[in-house]
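Student: Just upload03.csv, nothing more (CSV, C-alpha atoms):
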chain,number,residue,atom,x,y,z
A,1,PRO,CA,47.8,3.4,7.3
A,2,LEU,CA,49.8,1.6,10.0
A,3,LEU,CA,46.8,-0.5,11.0
A,4,ASP,CA,48.0,-3.8,9.4
A,5,GLU,CA,51.7,-2.8,9.5
A,6,ARG,CA,51.5,-3.3,13.2
A,7,GLY,CA,49.5,-6.5,13.0
A,8,LEU,CA,46.3,-4.9,14.3
A,9,LEU,CA,44.2,-6.8,11.7
A,10,ASP,CA,44.9,-10.0,13.5
A,11,GLY,CA,41.5,-11.4,14.7
A,12,TYR,CA,39.5,-9.4,12.2
A,13,GLN,CA,37.7,-10.9,9.3
A,14,VAL,CA,36.7,-7.9,7.2
A,15,CYS,CA,38.5,-4.7,6.4
A,16,TYR,CA,37.1,-1.6,4.6
A,17,LEU,CA,39.7,0.6,3.0
A,18,SER,CA,39.4,4.0,1.5
A,19,GLY,CA,41.9,6.7,0.6
A,20,PRO,CA,44.7,6.4,-1.9
A,21,ASN,CA,47.7,6.2,0.4
A,22,LEU,CA,48.9,3.1,2.3
A,23,THR,CA,52.4,2.3,3.5
A,24,ARG,CA,54.1,-0.5,1.5
A,25,ALA,CA,54.7,-2.5,4.7
A,26,ALA,CA,51.0,-2.3,5.6
A,27,ALA,CA,50.0,-3.2,2.0
A,28,GLU,CA,52.2,-6.3,2.1
A,29,LYS,CA,50.7,-7.5,5.4
A,30,LEU,CA,47.2,-6.7,4.1
A,31,ARG,CA,47.8,-8.8,1.0
A,32,ASP,CA,48.9,-11.8,3.1
A,33,TRP,CA,45.9,-11.3,5.5
A,34,VAL,CA,43.5,-11.6,2.5
A,35,LYS,CA,45.2,-14.7,1.2
A,36,ALA,CA,44.9,-16.2,4.6
A,37,GLY,CA,41.1,-15.7,4.7
A,38,GLY,CA,40.4,-12.0,5.2
A,39,THR,CA,37.7,-10.1,3.2
A,40,LEU,CA,38.8,-6.7,1.9
A,41,TRP,CA,36.6,-3.9,0.5
A,42,LEU,CA,38.4,-1.2,-1.5
A,43,ALA,CA,36.7,2.0,-2.4
A,44,ALA,CA,37.6,3.8,-5.7
A,45,ASN,CA,41.4,4.5,-5.8
A,46,ALA,CA,42.0,3.0,-2.4
A,47,ALA,CA,45.6,1.9,-1.6
A,48,SER,CA,46.8,2.9,-5.1
A,49,ARG,CA,49.8,4.9,-3.7
A,50,ASP,CA,52.4,4.4,-1.0
A,51,GLU,CA,53.4,6.6,1.9
A,52,PHE,CA,55.5,8.8,-0.5
A,53,ASN,CA,52.5,9.2,-2.9
A,54,ARG,CA,54.3,6.9,-5.4
A,55,PRO,CA,52.2,4.5,-7.5
A,56,MET,CA,51.9,1.2,-5.7
A,57,ASP,CA,51.1,-2.2,-7.1
A,58,VAL,CA,51.5,-4.4,-4.0
A,59,LEU,CA,47.8,-5.3,-3.9
A,60,ASP,CA,47.4,-5.7,-7.7
A,61,GLY,CA,47.8,-9.5,-7.6
A,62,ILE,CA,44.8,-10.0,-5.3
A,63,LEU,CA,42.4,-7.5,-7.0
A,64,PRO,CA,39.4,-8.8,-8.9
A,65,ALA,CA,39.9,-6.2,-11.5
A,66,ALA,CA,42.6,-4.1,-13.2
A,67,ARG,CA,42.0,-0.5,-12.1
A,68,GLY,CA,42.4,2.5,-14.3
A,69,GLU,CA,43.5,5.9,-13.2
A,70,ALA,CA,41.0,7.4,-10.9
A,71,GLN,CA,39.1,10.4,-12.3
A,72,SER,CA,38.6,13.4,-10.0
A,73,LEU,CA,35.2,14.4,-11.5
A,74,GLN,CA,34.6,17.1,-8.8
A,75,PRO,CA,37.2,17.7,-6.1
A,76,PHE,CA,35.7,17.8,-2.6
A,77,GLN,CA,37.5,18.5,0.6
A,78,ALA,CA,34.8,19.9,2.8
A,79,SER,CA,32.7,18.3,5.6
A,80,GLY,CA,29.7,16.2,5.0
A,81,ARG,CA,27.3,19.1,5.6
A,82,TYR,CA,28.4,20.5,2.2
A,83,LEU,CA,27.8,17.3,0.2
A,84,ASN,CA,24.9,19.2,-1.4
A,85,THR,CA,27.5,20.9,-3.6
A,86,LEU,CA,28.4,17.6,-5.4
A,87,ALA,CA,26.7,16.9,-8.7
A,88,VAL,CA,25.8,13.4,-9.9
A,89,LYS,CA,28.3,12.4,-12.5
A,90,ASP,CA,27.0,8.9,-13.3
A,91,THR,CA,24.7,6.2,-11.9
A,92,VAL,CA,25.6,2.8,-10.5
A,93,ARG,CA,22.9,0.0,-10.7
A,94,TRP,CA,22.7,-3.5,-9.3
A,95,SER,CA,19.8,-5.9,-8.6
A,96,GLY,CA,19.0,-4.3,-5.3
A,97,GLY,CA,19.1,-0.6,-6.2
A,98,LYS,CA,21.1,2.3,-7.6
A,99,ALA,CA,23.6,4.9,-6.3
A,100,SER,CA,25.1,8.1,-7.5
A,101,VAL,CA,28.7,8.6,-8.7
A,102,LEU,CA,30.1,11.6,-6.8
A,103,SER,CA,33.5,13.2,-7.0
A,104,VAL,CA,35.5,10.2,-8.0
A,105,LYS,CA,35.2,7.4,-10.6
A,106,GLN,CA,37.6,4.6,-11.5
A,107,GLU,CA,37.5,2.2,-14.5
A,108,LEU,CA,37.5,-1.5,-13.5
A,109,ILE,CA,38.4,-4.2,-16.0
A,110,PRO,CA,37.2,-7.5,-14.4
A,111,ARG,CA,39.8,-10.3,-14.3
A,112,GLU,CA,38.9,-13.9,-15.2
A,113,LYS,CA,36.4,-15.6,-12.8
A,114,ALA,CA,35.6,-12.2,-11.2
A,115,GLU,CA,31.9,-11.4,-10.6
A,116,VAL,CA,30.5,-8.0,-11.6
A,117,LEU,CA,28.2,-6.8,-8.8
A,118,ALA,CA,27.2,-3.4,-10.2
A,119,THR,CA,27.6,-1.4,-13.4
A,120,PHE,CA,27.8,2.2,-14.5
A,121,ASP,CA,25.3,3.7,-17.0
A,122,ASP,CA,27.4,2.6,-19.9
A,123,GLY,CA,27.3,-1.1,-18.7
A,124,SER,CA,31.0,-1.1,-17.5
A,125,ALA,CA,31.8,-2.6,-14.2
A,126,ALA,CA,31.3,-0.4,-11.1
A,127,MET,CA,31.9,-3.1,-8.4
A,128,VAL,CA,33.7,-6.4,-8.8
A,129,ARG,CA,34.3,-9.3,-6.4
A,130,ALA,CA,36.6,-12.3,-6.6
A,131,SER,CA,38.3,-14.8,-4.3
A,132,SER,CA,42.0,-14.5,-3.6
A,133,GLY,CA,43.6,-17.4,-1.8
A,134,GLN,CA,41.3,-18.2,1.2
A,135,GLY,CA,39.9,-14.6,1.2
A,136,LYS,CA,37.8,-12.3,-0.9
A,137,VAL,CA,38.3,-8.8,-2.4
A,138,PHE,CA,35.5,-6.3,-3.3
A,139,CYS,CA,36.7,-3.6,-5.6
A,140,SER,CA,34.5,-0.5,-6.2
A,141,GLY,CA,34.9,2.1,-8.9
A,142,PHE,CA,33.0,4.8,-7.0
A,143,LEU,CA,32.4,6.0,-3.5
A,144,PRO,CA,29.3,4.2,-2.2
A,145,ALA,CA,29.3,5.7,1.3
A,146,LEU,CA,29.4,9.2,-0.1
A,147,SER,CA,26.2,8.4,-2.2
A,148,TYR,CA,24.6,6.8,0.9
A,149,ILE,CA,24.9,9.9,3.0
A,150,LYS,CA,24.1,12.4,0.2
A,151,THR,CA,20.9,10.6,-0.8
A,152,ALA,CA,19.6,11.0,2.7
A,153,LEU,CA,20.8,14.6,3.0
A,154,ASP,CA,19.1,15.5,-0.3
A,155,GLN,CA,15.7,14.0,0.8
A,156,ARG,CA,15.9,16.0,4.0
A,157,ALA,CA,16.8,19.2,2.1
A,158,ALA,CA,13.9,18.7,-0.3
A,159,LEU,CA,11.4,18.3,2.5
A,160,GLN,CA,12.9,21.3,4.3
A,161,LYS,CA,12.5,23.4,1.2
A,162,LYS,CA,8.8,22.5,0.8
A,163,VAL,CA,8.2,23.4,4.4
A,164,ASP,CA,10.0,26.7,4.1
A,165,GLU,CA,8.0,27.6,0.9
A,166,LYS,CA,4.8,26.5,2.6
A,167,ALA,CA,4.1,24.1,-0.2
A,168,ALA,CA,1.4,21.5,0.0
A,169,LEU,CA,2.5,18.3,1.8
A,170,SER,CA,1.3,14.8,1.6
A,171,ALA,CA,0.2,13.0,4.8
A,172,GLU,CA,3.5,11.2,4.9
A,173,GLU,CA,5.5,14.4,4.3
A,174,THR,CA,3.5,16.2,7.1
A,175,HIS,CA,4.4,13.4,9.5
A,176,ALA,CA,8.1,13.5,8.4
A,177,ALA,CA,8.2,17.3,8.7
A,178,ALA,CA,8.0,17.0,12.4
A,179,LEU,CA,11.4,15.3,12.4
A,180,LEU,CA,13.1,18.4,10.9
A,181,ASP,CA,13.2,20.1,14.3
A,182,ARG,CA,14.6,17.1,16.1
A,183,SER,CA,18.0,16.9,14.5
A,184,TYR,CA,20.2,18.3,11.7
A,185,ASN,CA,20.8,14.7,10.7
A,186,PRO,CA,18.9,13.0,7.8
A,187,TRP,CA,17.0,9.8,8.3
A,188,GLN,CA,16.0,8.4,4.9
A,189,PHE,CA,19.1,6.4,4.1
A,190,PRO,CA,18.8,4.1,1.1
A,191,ALA,CA,18.4,0.5,2.4
A,192,GLY,CA,19.6,-1.1,-0.9
A,193,LEU,CA,22.9,0.8,-0.9
A,194,ARG,CA,23.4,0.0,2.8
A,195,GLU,CA,23.0,-3.7,2.0
A,196,LEU,CA,25.6,-3.4,-0.9
A,197,ILE,CA,28.0,-1.8,1.5
A,198,LEU,CA,27.4,-4.5,4.0
A,199,ALA,CA,27.9,-7.3,1.5
A,200,PRO,CA,31.4,-8.2,2.7
A,201,THR,CA,30.3,-8.7,6.3
A,202,ARG,CA,27.3,-10.8,5.2
A,203,GLU,CA,29.4,-13.1,3.1
A,204,ALA,CA,32.1,-13.4,5.8
A,205,LYS,CA,29.3,-14.8,8.1
A,206,LEU,CA,30.7,-12.8,11.0
A,207,THR,CA,29.7,-13.8,14.5
A,208,LYS,CA,28.5,-10.4,15.6
A,209,PRO,CA,28.9,-9.4,19.3
A,210,ILE,CA,25.6,-7.6,19.1
A,211,THR,CA,22.6,-7.7,16.6
A,212,CYS,CA,19.9,-5.0,16.6
A,213,SER,CA,16.4,-5.5,15.3
A,214,HIS,CA,16.2,-2.1,13.6
A,215,ALA,CA,18.4,-0.5,11.0
A,216,LEU,CA,19.7,3.0,11.7
A,217,VAL,CA,20.1,2.2,15.4
A,218,ASP,CA,23.7,2.4,16.4
A,219,ALA,CA,24.4,-0.2,19.1
A,220,VAL,CA,28.0,-0.2,20.4
A,221,HIS,CA,29.3,-3.3,22.1
A,222,MET,CA,31.7,-2.3,25.0
A,223,PRO,CA,32.8,-5.3,27.1
A,224,HIS,CA,34.2,-4.8,30.6
A,225,GLU,CA,35.2,-7.2,33.3
A,226,LYS,CA,32.0,-6.1,35.2
A,227,GLY,CA,29.7,-6.5,32.3
A,228,ILE,CA,28.8,-5.2,28.8
A,229,LEU,CA,27.8,-1.6,28.2
A,230,ILE,CA,25.7,-0.9,25.1
A,231,PRO,CA,25.2,2.8,24.2
A,232,LEU,CA,22.3,3.3,21.7
A,233,ALA,CA,21.8,6.1,19.2
A,234,ASN,CA,18.5,6.1,17.3
A,235,TYR,CA,19.1,7.7,13.9
A,236,THR,CA,15.6,7.0,12.7
A,237,LEU,CA,14.6,10.1,14.7
A,238,LYS,CA,11.4,8.3,15.7
A,239,PRO,CA,10.4,6.4,18.8
A,240,ILE,CA,10.8,2.7,18.5
A,241,PRO,CA,8.1,0.9,20.6
A,242,GLN,CA,10.1,-2.3,20.9
A,243,LEU,CA,13.8,-2.8,20.2
A,244,THR,CA,15.5,-6.2,20.4
A,245,LEU,CA,19.2,-6.7,21.0
A,246,ARG,CA,20.8,-10.1,20.7
A,247,VAL,CA,24.1,-10.1,22.5
A,248,ASN,CA,26.8,-12.8,22.3
A,249,ALA,CA,28.3,-13.0,25.8
A,250,PRO,CA,31.1,-15.2,27.1
A,251,GLN,CA,28.9,-16.4,29.9
A,252,ALA,CA,25.2,-16.4,30.9
A,253,ILE,CA,23.8,-12.9,31.4
A,254,ALA,CA,22.5,-12.5,35.0
A,255,SER,CA,20.7,-9.2,34.6
A,256,ALA,CA,20.1,-6.3,32.2
A,257,GLU,CA,19.5,-2.7,33.2
A,258,SER,CA,18.6,0.4,31.2
A,259,ALA,CA,20.1,3.8,32.2
A,260,VAL,CA,16.7,5.3,31.3
A,261,ARG,CA,14.1,2.6,32.3
A,262,GLY,CA,15.9,0.7,35.0
Let me see the file written as structure tokens.

Tutor:
Amino acid sequence: PLLDERGLLDGYQVCYLSGPNLTRAAAEKLRDWVKAGGTLWLAANAASRDEFNRPMDVLDGILPAARGEAQSLQPFQASGRYLNTLAVKDTVRWSGGKASVLSVKQELIPREKAEVLATFDDGSAAMVRASSGQGKVFCSGFLPALSYIKTALDQRAALQKKVDEKAALSAEETHAAALLDRSYNPWQFPAGLRELILAPTREAKLTKPITCSHALVDAVHMPHEKGILIPLANYTLKPIPQLTLRVNAPQAIASAESAVRG
């Protein structure tokens, strides 16, 4: 909550915010940061209350929609491993896919000139975007990242169940079943929902320090005076014959070395 209160958003172009509480001082600086050109993503009920849990309207003037009271459809305070206990309460649809509404839902009433990016089953707005000053604000009435993770977990669990029950598997499922022993993590994350979540960064046209040729490969850019370290984590759980990294460096790169391959 003190991120922007201390001015730590200076130099950043996009901010993702979830959780209902934010200090008033941070909210005021966040509002000014958006008006100066920042892009803000708000998950359902984000920044709706201050540090004393009082209702807060500091950001209301920059929001693309009037937000109703968030509904707690199914309280959830466990770790991600227990997301299977959450039931789907509604569905969100957009041109590139669909997502499940889990745990929390919030009514959005789009303001004038706001664009509705996704809708609930009843046709009401589930995600809205609009400009504010020199910046943009994306407002969500559900929790997209929760759906992103649970979708992958459900697919892994369904495959595990078929394997445990010794049910007939298709050729594709037989190949995928070999991945079950490699990790407890899932691997079939919905690409359409990933792109929706990444929409603010796409529109902000960020100059990325590093770009990876494959989705689901975590490539971390760690600059140092002696060079740039790039740890890689392959969440596809499959070997990748050729991976390309494009790195923006302050000067010409003299050499590249792999800790595994030299």

Student: Which of these, A:Val260, A:Leu198, A:Val58, A:Ala66, has the shortest distance to Tyr16 in chain A once you count only C-alpha atoms?

Tutor: A:Leu198

Student: Neighbours of range 216-230 of chain A within 10 Å (all atoms listed in the file; same-chain residues fewer than 2 positions away dropped), as a PyMOL selection string?

Tutor: chain A and resi 187-189+191+208-214+232-237+240+243+245+247-249+253-258

Student: Can you tell me, as a list in words, what residues are no more than 10 Å from Leu30 in chain A when counting all atoms listed in the file, ignoring any on the same chain fewer than 2 positions away?

Tutor: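 Close residues of Leu30 in chain A: Leu3, Asp4, Glu5, Gly7, Leu9, Cys15, Arg24, Ala25, Ala26, Ala27, Glu28, Asp32, Trp33, Val34, Lys35, Ala36, Gly38, Leu40, Val58 and Leu59 of chain A.
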
Student: Taking C-alpha atoms for each residue, export the selection above as a CSV table (one decimal), in the coordinates of the input.

Tutor:
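Result file selection39.csv:
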chain,number,residue,atom,x,y,z
A,3,LEU,CA,46.8,-0.5,11.0
A,4,ASP,CA,48.0,-3.8,9.4
A,5,GLU,CA,51.7,-2.8,9.5
A,7,GLY,CA,49.5,-6.5,13.0
A,9,LEU,CA,44.2,-6.8,11.7
A,15,CYS,CA,38.5,-4.7,6.4
A,24,ARG,CA,54.1,-0.5,1.5
A,25,ALA,CA,54.7,-2.5,4.7
A,26,ALA,CA,51.0,-2.3,5.6
A,27,ALA,CA,50.0,-3.2,2.0
A,28,GLU,CA,52.2,-6.3,2.1
A,32,ASP,CA,48.9,-11.8,3.1
A,33,TRP,CA,45.9,-11.3,5.5
A,34,VAL,CA,43.5,-11.6,2.5
A,35,LYS,CA,45.2,-14.7,1.2
A,36,ALA,CA,44.9,-16.2,4.6
A,38,GLY,CA,40.4,-12.0,5.2
A,40,LEU,CA,38.8,-6.7,1.9
A,58,VAL,CA,51.5,-4.4,-4.0
A,59,LEU,CA,47.8,-5.3,-3.9

Student: Quick check, in Å to one decimal: how far apart do CA of Arg49 in chain A and CA of Glu69 in chain A lie?

Tutor: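 Going from CA of Arg49 in chain A over to CA of Glu69 in chain A covers 11.4 Å.
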
Student: Using only C-alpha atoms, which residue out of A:Leu143, A:Val14, A:Ala114, A:Val92 lies closest to Ala46 in chain A?

Tutor: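 Nearest to Ala46 in chain A: A:Leu143.
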
Student: In Å, with one decimal, what is the gap from CA of Lys150 in chain A to CA of Asn45 in chain A?

Tutor: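 The value is 19.9 Å.
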
Student: Which one is closest to Pro200 in chain A: A:Lys89, A:Arg31, A:Arg129, A:Lys113? Count all atoms listed in the file.

Tutor: A:Arg129

Student: Write out as a list in words which residues come within 9 Å of Arg194 in chain A when counting all atoms listed in the file, dropping same-chain ones fewer than 5 positions away.

Tutor: Pro144, Ala145, Tyr148, Phe189 and Ala199 of chain A

Student: Kindly indicate which residue among A:Glu107, A:Asp50, A:Glu173, A:Glu195 lies nearest to Arg67 in chain A, using all atoms listed in the file for the distances.

Tutor: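 Of A:Glu107, A:Asp50, A:Glu173, A:Glu195, the one nearest Arg67 in chain A is A:Glu107, counting all atoms listed in the file.
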
Student: Please indicate the distance in Å from CA of Ser72 in chain A to CA of Lys105 in chain A, rounded to one decimal place.

Tutor: 6.9 Å

Student: Which residue out of A:Phe142, A:Asp181, A:Leu153, A:Pro20 has the minimum interatomic distance to Ala44 in chain A when all atoms listed in the file are used?

Tutor: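 Smallest separation from Ala44 in chain A among the options: A:Phe142.
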
Student: Counting only C-alpha atoms, which residue out of A:Asp154, A:Asp57, A:Glu115, A:Asp122 sits closest to Leu83 in chain A?

Tutor: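 Selected residue with least distance to Leu83 in chain A: A:Asp154.
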
Student: Near Pro190 in chain A, within 9 Å and counting only C-alpha atoms, which residues show up once chain neighbours fewer than 6 positions away are dropped, as a PyMOL selection string?

Tutor: chain A and resi 97+99+148-149+151-152

Student: Dump C-alpha atoms for the selected residues as an mmCIF file, in the frame of the given file?

Tutor:
data_model
loop_
_atom_site.group_PDB
_atom_site.id
_atom_site.type_symbol
_atom_site.label_atom_id
_atom_site.label_comp_id
_atom_site.auth_asym_id
_atom_site.auth_seq_id
_atom_site.Cartn_x
_atom_site.Cartn_y
_atom_site.Cartn_z
ATOM 1 C CA GLY A 97 19.100 -0.600 -6.200
ATOM 2 C CA ALA A 99 23.600 4.900 -6.300
ATOM 3 C CA TYR A 148 24.600 6.800 0.900
ATOM 4 C CA ILE A 149 24.900 9.900 3.000
ATOM 5 C CA THR A 151 20.900 10.600 -0.800
ATOM 6 C CA ALA A 152 19.600 11.000 2.700
#

Student: If we count only C-alpha atoms, what is near Leu102 in chain A at a cut-off of 8 Å, once residues fewer than 5 positions away on the same chain are taken out, given as a PyMOL selection string?

Tutor: chain A and resi 73-74+86-90+142-143+146-147
